[in-house]
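Participant: This is the structure, below, for whatever I ask next.
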Amino acid sequence: MHPVLFKIGNFAIYSYGVVIAFSVLWVSFLVLRRGRKEGLNEEALLNIVFLVVIIGLFGARLLHILVHFSYYLHHPAEVIAIRHGGMAAQGGLIFGLFAAIFFLRRTGLPTLRVLDYFGLYLPLAQAIGRIGCFLNGCCYGKETDFFWGARFPFDGISRHPTQLYYSLSNFSIFLILLFLCKQKKSLSPWAKDGNIVIFYFLLYSISRYSIDFLRGNLNPVFFSLYPTQVISFFIFLIAGGLLIFQLMRGYRHSDNIPG
């Protein structure tokens, strides 16, 4: 692990913060570049990206604090110590999604198409961000005897490097969505604006639910499930319902096209 990247005097620059900042900036650039290529209003899109990032980061921190409420109750000063780590991806996704919908509906930008931009590049941001988790030593897994187990400084026990599992999984999701995105130009019933972000939430919820069984620093709350798994379950149900609705709309539309 390498939590401190370097120091300037007594001021430490943490690896986690640098990696998260890079992932956010890089993905924001990709979203803006895609919007520019498709002729969208660049200033309006820039404002949307900025607001979504800020509100998403707030939501990510808030959910992390709620999940680990007992710790922060006894260490209130740590609430604002973001440089030390502590961002719940699901909180960022939920807050960021609602912020995007809220602000997009007040602009002239196509809501579903822009949401697809975010849905395509979000897993790439998460894949990069999880490297920061690994360097920081947070979000670690349970003990393991597998040869790829990682030893963390706080106990020296070989554990599942769940941070890297998340990273690999998110990068795989990005590649799948990139392939699906290229198929949107076809006339298939599912090739509709909004489906990329729906597929993202479906794949992400399955990935998160599965890998979380290996986590070593979460406490079960419901039927031996962790809070993040409960959230993933409901995300899957909602995204699945939306996908079925989109597919039904697509098939009805295709049936009305004269052959």
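Labels used: A, B, ... for chains in the order of the structure tokens, numbers from 1 for residues in each chain, and numbers from 1 for ligands as shown.
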Applying 6 Å and only C-alpha atoms, which residues near Tyr14 in chain A remain after dropping the ones on its own chain fewer than 5 positions away? List them as a count of residues only.
Facilitator: 3
Participant: Identify, on the basis of only C-alpha atoms, every residue whose closest approach to Cys138 in chain A does not exceed 10 Å; exclude the query and any residue fewer than 4 positions from it along the same chain; express the result as a list in words.
Facilitator: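 In the requested form, the answer reads Met1, Pro3, Tyr16, His84, Gly85, Gly86, Arg130, Gly132, Cys133, Phe134, Phe152, Pro161, Thr162, Gln163, Gly216 and Asn217 of chain A.
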Participant: Rounded to one decimal in Å, what is the spacing between CA of Val49 in chain A and CA of Ile20 in chain A?
Facilitator: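 CA of Val49 in chain A sits 15.7 Å away from CA of Ile20 in chain A.
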Participant: Of the residues A:Thr228, A:Gln246, A:Ser210, A:Gln126, which is the one nearest to Gly91 in chain A, using only C-alpha atoms?
Facilitator: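 So, comparing all the options, the nearest one is A:Thr228.
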Participant: When DSSP is applied to the backbone of this structure, which of range 2-109 of chain A are assigned strand (DSSP E)? Write them out as a list of chain:residue names.
Facilitator: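 So, restricting range 2-109 of chain A to strand (DSSP E), we get A:Val4, A:Leu5, A:Phe6, A:Lys7, A:Ile8, A:Phe11, A:Ala12, A:Ile13, A:Tyr14.
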Participant: Nearest to Val52 in chain A: which of A:Val19, A:Leu93, A:Ile65, A:Leu225 is it, counting only C-alpha atoms?
Facilitator: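 Among A:Val19, A:Leu93, A:Ile65, A:Leu225, it is A:Leu93 that comes nearest to Val52 in chain A.
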